[in-house]
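S.K.: My questions will all concern the structure given below.
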Amino acid sequence: MSKYVIGDIHGCYDEFCEMLSVIRFSEADTLICLGDYIVRGSQSLDMLEWLENKPDNVITLRGNHEQEFVTSVEVMLRTDKLATLNTDILSNKNSQALYETVIYYLEQKSPELIMFFDAYRTIRDLLFKKDKTINDLIRWSEMIEKMPYFYETSVGGKSYIAAHAGYTDKGSKAERENFCLFAREESVEHGRDNCTIIAGHTPTIIEGEFAYNDGKVFRYYDKQHNCTFYNIDCGCVFRHKYDNARLACIRLEDEKVFYL
Ligand SMILES: [Mn+2]
């Protein structure tokens with residue numbers, strides 16, 4: 001009956017499954033996932049399909065890459081309307097054509113925005129290599145829209161907040177949500193009094209970055225607020241490039257970290 005937190009899987013579906021067996025994840029346990037399930041790695045589709053069928057004892061938060069996926073799908077649907085293409089959303093060929101149309105319009109009319117549309121070509125892969133359709137993209141978008149930005153829990157009388165990049169009580173709702181998805185070094189200065197924040201987003205593998213810890217989990221204690229910040233993104237998807245990259249998972253009961 002343990003609670004585990006894992007982050008930044010980035011299409012490393014095989015490693016994710018291996019971690020579940022390393023921690024012997026069972027029906028009695030709870031797994032909190034910090035988002036960025038997709039993008040960069042080669043198994044984004046496996047992750048999307050797993051998310052659709054996930055068991056009830058898995059809590060899935062959203063990451064910036066899920067948010068960007070939703071935005072890209074919105075751009076496609078808006079383009080379909082504006083250009084009156086009447087795309088058959090169940091057709092793979094029509095879905096590919098719509099994708100090409102979006103790229104064409106962006107290149108012609110707003111080349112400066114092209115980097116904000118499917119920046120890592122995750123959607124391109126799903127449509128052109130995996131034969132998926134707009135209908136699939138819409139379904140995954142709707143699934144993502146239901147993912148919360150953060151999750152509060154308590155273990156043995158200790159309070160925890162899990163979020164993709166960080167957590168803050170300050171600012172408007174939109175600002176707080178943005179913080180959850182995108183915070184970098186500012187994440188260590190925010191949080192909540194007498195609480196432990198578990199986040200990911202910035203890999204701990206790159207020297208010079210605030211969360212650098214040579215591929216181990218990064219921990220920072222703010223004495224004034226009695227708030228501990230953990231960054232558990234140990235850069236699994238970069239393991240072909242960085243020797244110190246790995247997948248991490250933390251068990252909240254004893255804050256033991258499992259590595260793969
Ligand atoms: Mn991220």
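Order determines the names: the first chain of the structure tokens is A, the second B, and so forth; residues in each chain are numbered 1 upward, and ligands are numbered 1 upward as they are shown.
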Please identify all protein, DNA and RNA residues within 6 Å of ligand 1, counting only C-alpha atoms and all ligand atoms, and report them as a list of chain:residue names.

M.R.: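 Checking only C-alpha atoms and all ligand atoms against ligand 1 at 6 Å gives A:Asp36, A:Gly63, A:Asn64, A:His201.
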
S.K.: Excluding Trp140 of chain A and its own-chain neighbours fewer than 2 positions away, which residues fall within 12 Å of it when counting only C-alpha atoms? Please give them as a PyMOL selection string.

M.R.: chain A and resi 38+44-45+47-53+66-67+69-74+123+126+132-138+142-147

S.K.: Output the selection as a PDB file, in the first residue's frame - C-alpha atoms for each residue.

M.R.:
ATOM      1  CA  ILE A  38       4.852  11.719 -24.844  1.00  0.00           C
ATOM      2  CA  SER A  44       4.490   8.053 -27.558  1.00  0.00           C
ATOM      3  CA  LEU A  45       1.664   5.995 -29.069  1.00  0.00           C
ATOM      4  CA  MET A  47       2.007   5.793 -23.746  1.00  0.00           C
ATOM      5  CA  LEU A  48      -1.190   7.368 -25.137  1.00  0.00           C
ATOM      6  CA  GLU A  49      -2.811   3.946 -25.376  1.00  0.00           C
ATOM      7  CA  TRP A  50      -1.661   3.054 -21.880  1.00  0.00           C
ATOM      8  CA  LEU A  51      -3.093   6.331 -20.552  1.00  0.00           C
ATOM      9  CA  GLU A  52      -6.456   5.543 -22.135  1.00  0.00           C
ATOM     10  CA  ASN A  53      -6.614   2.197 -20.359  1.00  0.00           C
ATOM     11  CA  GLU A  66       0.507  17.243 -23.235  1.00  0.00           C
ATOM     12  CA  GLN A  67      -0.624  20.888 -23.164  1.00  0.00           C
ATOM     13  CA  PHE A  69      -0.352  18.467 -27.964  1.00  0.00           C
ATOM     14  CA  VAL A  70      -3.806  19.878 -27.145  1.00  0.00           C
ATOM     15  CA  THR A  71      -2.856  23.256 -28.656  1.00  0.00           C
ATOM     16  CA  SER A  72      -1.576  21.645 -31.864  1.00  0.00           C
ATOM     17  CA  VAL A  73      -4.782  19.632 -32.256  1.00  0.00           C
ATOM     18  CA  GLU A  74      -6.791  22.845 -31.755  1.00  0.00           C
ATOM     19  CA  ILE A 123       1.608  14.281 -34.214  1.00  0.00           C
ATOM     20  CA  LEU A 126       1.124   9.413 -35.222  1.00  0.00           C
ATOM     21  CA  LYS A 132      -3.719   7.420 -36.670  1.00  0.00           C
ATOM     22  CA  THR A 133      -6.452   9.929 -37.452  1.00  0.00           C
ATOM     23  CA  ILE A 134      -7.739  13.312 -36.294  1.00  0.00           C
ATOM     24  CA  ASN A 135     -10.414  11.358 -34.475  1.00  0.00           C
ATOM     25  CA  ASP A 136      -7.694   9.682 -32.370  1.00  0.00           C
ATOM     26  CA  LEU A 137      -5.997  13.031 -31.739  1.00  0.00           C
ATOM     27  CA  ILE A 138      -9.296  14.565 -30.577  1.00  0.00           C
ATOM     28  CA  GLU A 142     -10.066  15.304 -24.493  1.00  0.00           C
ATOM     29  CA  MET A 143      -8.305  12.824 -22.219  1.00  0.00           C
ATOM     30  CA  ILE A 144      -5.505  15.344 -21.565  1.00  0.00           C
ATOM     31  CA  GLU A 145      -7.998  18.134 -20.846  1.00  0.00           C
ATOM     32  CA  LYS A 146      -9.240  16.088 -17.898  1.00  0.00           C
ATOM     33  CA  MET A 147      -5.760  15.778 -16.373  1.00  0.00           C
TER      34      MET A 147
END

S.K.: What is the atom CA of Asp46 of chain A-atom CA of Lys129 of chain A distance in Å, reported with one decimal?

M.R.: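 Computed distance, atom CA of Asp46 of chain A to atom CA of Lys129 of chain A, equals 13.4 Å.
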
S.K.: Quick one: pull the distance between atom CA of Val5 of chain A and atom CA of Ser154 of chain A, Å, one decimal.

M.R.: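 Between these atoms lies a distance of 13.0 Å.
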
S.K.: Give one line per residue of segment 232-258 of chain A that approaches segment 8-31 of chain A to at most 8 Å, naming the two atoms of the closest pair and their distance in Å to one decimal, counting only C-alpha atoms; sort by chain then ascending residue number and deliver it as a tab-separated table.

M.R.:
residue	atom	partner	partner_atom	distance
A:Asp233	CA	A:Asp8	CA	5.9
A:Gly235	CA	A:Asp8	CA	7.5
A:Cys236	CA	A:Ile9	CA	7.0
A:Val237	CA	A:His10	CA	6.2
A:Leu247	CA	A:Glu15	CA	7.4
A:Cys249	CA	A:Met19	CA	7.7
A:Phe258	CA	A:Ile23	CA	7.5

S.K.: In Å, rounded to a single decimal, give me how far atom CA of Arg139 of chain A is from atom CA of Ala162 of chain A.

M.R.: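 If I compute the distance from atom CA of Ala162 of chain A to atom CA of Arg139 of chain A, I get 25.2 Å.
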
S.K.: Check the DSSP output for the backbone and give back, as a list of chain:residue names, the residues of segment 203-257 of chain A in strand (DSSP E).

M.R.: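 Residues meeting the strand (DSSP E) criterion: A:Phe218, A:Arg219, A:Tyr220, A:Tyr221, A:Asp222, A:Cys227, A:Thr228, A:Phe229, A:Tyr230, A:Asn231, A:Ala248, A:Cys249, A:Ile250, A:Arg251, A:Lys256, A:Val257.
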
S.K.: Tell me which of A:Thr60, A:Ala211, A:Val102, A:Tyr37 sits closest to Arg78 of chain A, counting only C-alpha atoms.

M.R.: A:Val102

S.K.: Can you tell me, as a compact mmCIF listing (two decimals) with C-alpha atoms, in the first residue's frame, what residues are no more than 12 Å from Tyr105 of chain A when counting only C-alpha atoms, ignoring any on the same chain fewer than 2 positions away?

M.R.:
# COMPACT_ATOMS: atom_id res chain seq x y z
CA VAL A 75 -4.76 24.53 -34.50
CA MET A 76 -5.56 21.64 -36.84
CA ARG A 78 -9.35 25.57 -36.53
CA THR A 79 -7.51 25.31 -39.84
CA ASP A 80 -10.03 22.71 -41.01
CA LEU A 82 -11.18 28.29 -41.64
CA ALA A 83 -10.13 26.60 -44.87
CA LEU A 98 -4.99 18.51 -42.92
CA TYR A 99 -1.60 18.29 -41.19
CA GLU A 100 0.15 19.31 -44.43
CA THR A 101 -2.31 22.17 -44.86
CA VAL A 102 -1.52 23.50 -41.40
CA ILE A 103 2.22 23.40 -42.17
CA GLU A 107 4.94 28.59 -43.61
CA GLN A 108 3.08 31.06 -45.84
CA LYS A 109 1.41 33.28 -43.27
CA SER A 110 3.16 32.97 -39.90
CA PRO A 111 6.53 31.22 -40.16
CA GLU A 112 7.40 32.59 -36.71
CA LEU A 113 4.67 30.37 -35.24
CA ILE A 114 5.76 27.13 -36.87
CA PHE A 117 3.02 23.60 -33.83

S.K.: Going by DSSP on the backbone, which residues of segment 16-202 of chain A come out as helix (DSSP H, G or I)? List them as a ChimeraX atom specification.

M.R.: /A:16-22,44-52,64-82,92-109,111-116,122-128,134-145,173-182,185-189

S.K.: Compile the contact shell of Thr204 of chain A as a PyMOL selection string: residues with an atom at most 7 Å away, counting only C-alpha atoms, same-chain residues fewer than 4 positions apart removed.

M.R.: chain A and resi 211-218+233-235

S.K.: Let's have the selection written as a short mmCIF file (atom, residue, chain, number, x, y, z; two decimals), in the first residue's frame, with N, CA and C atoms.

M.R.:
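Once everything was written out, this is selection28.cif:
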data_model
loop_
_atom_site.label_atom_id
_atom_site.label_comp_id
_atom_site.auth_asym_id
_atom_site.auth_seq_id
_atom_site.Cartn_x
_atom_site.Cartn_y
_atom_site.Cartn_z
N ALA A 211 18.82 22.14 -11.62
CA ALA A 211 18.49 20.87 -10.97
C ALA A 211 19.59 19.82 -11.15
N TYR A 212 20.76 20.25 -11.63
CA TYR A 212 21.82 19.27 -11.93
C TYR A 212 22.20 18.46 -10.69
N ASN A 213 22.17 17.16 -10.83
CA ASN A 213 22.65 16.30 -9.74
C ASN A 213 23.21 15.00 -10.33
N ASP A 214 23.86 15.14 -11.47
CA ASP A 214 24.49 14.01 -12.15
C ASP A 214 23.54 12.82 -12.33
N GLY A 215 22.31 13.14 -12.72
CA GLY A 215 21.35 12.08 -13.03
C GLY A 215 20.67 11.45 -11.83
N LYS A 216 20.95 11.99 -10.64
CA LYS A 216 20.22 11.54 -9.45
C LYS A 216 19.13 12.56 -9.16
N VAL A 217 18.17 12.15 -8.35
CA VAL A 217 17.10 13.06 -7.97
C VAL A 217 17.68 14.30 -7.27
N PHE A 218 17.14 15.47 -7.62
CA PHE A 218 17.59 16.74 -7.03
C PHE A 218 16.66 17.09 -5.86
N ASP A 233 13.04 14.25 -12.43
CA ASP A 233 13.28 13.98 -13.86
C ASP A 233 14.77 13.74 -14.07
N CYS A 234 15.13 12.47 -14.14
CA CYS A 234 16.55 12.13 -14.31
C CYS A 234 16.89 11.85 -15.77
N GLY A 235 16.05 12.37 -16.67
CA GLY A 235 16.40 12.43 -18.10
C GLY A 235 16.38 11.13 -18.86
#

S.K.: Of the candidates A:Glu152, A:Lys93, A:Ser187, A:Arg40, which one gets nearest to Phe128 of chain A if we count only C-alpha atoms?

M.R.: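 Closest candidate: A:Lys93.
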
S.K.: Find, counting only C-alpha atoms, the residue in A:Tyr221, A:Phe182, A:Ile206, A:Lys130 that gets nearest to Asn92 of chain A.

M.R.: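 Checking each of A:Tyr221, A:Phe182, A:Ile206, A:Lys130 against Asn92 of chain A, counting only C-alpha atoms, the winner is A:Lys130.
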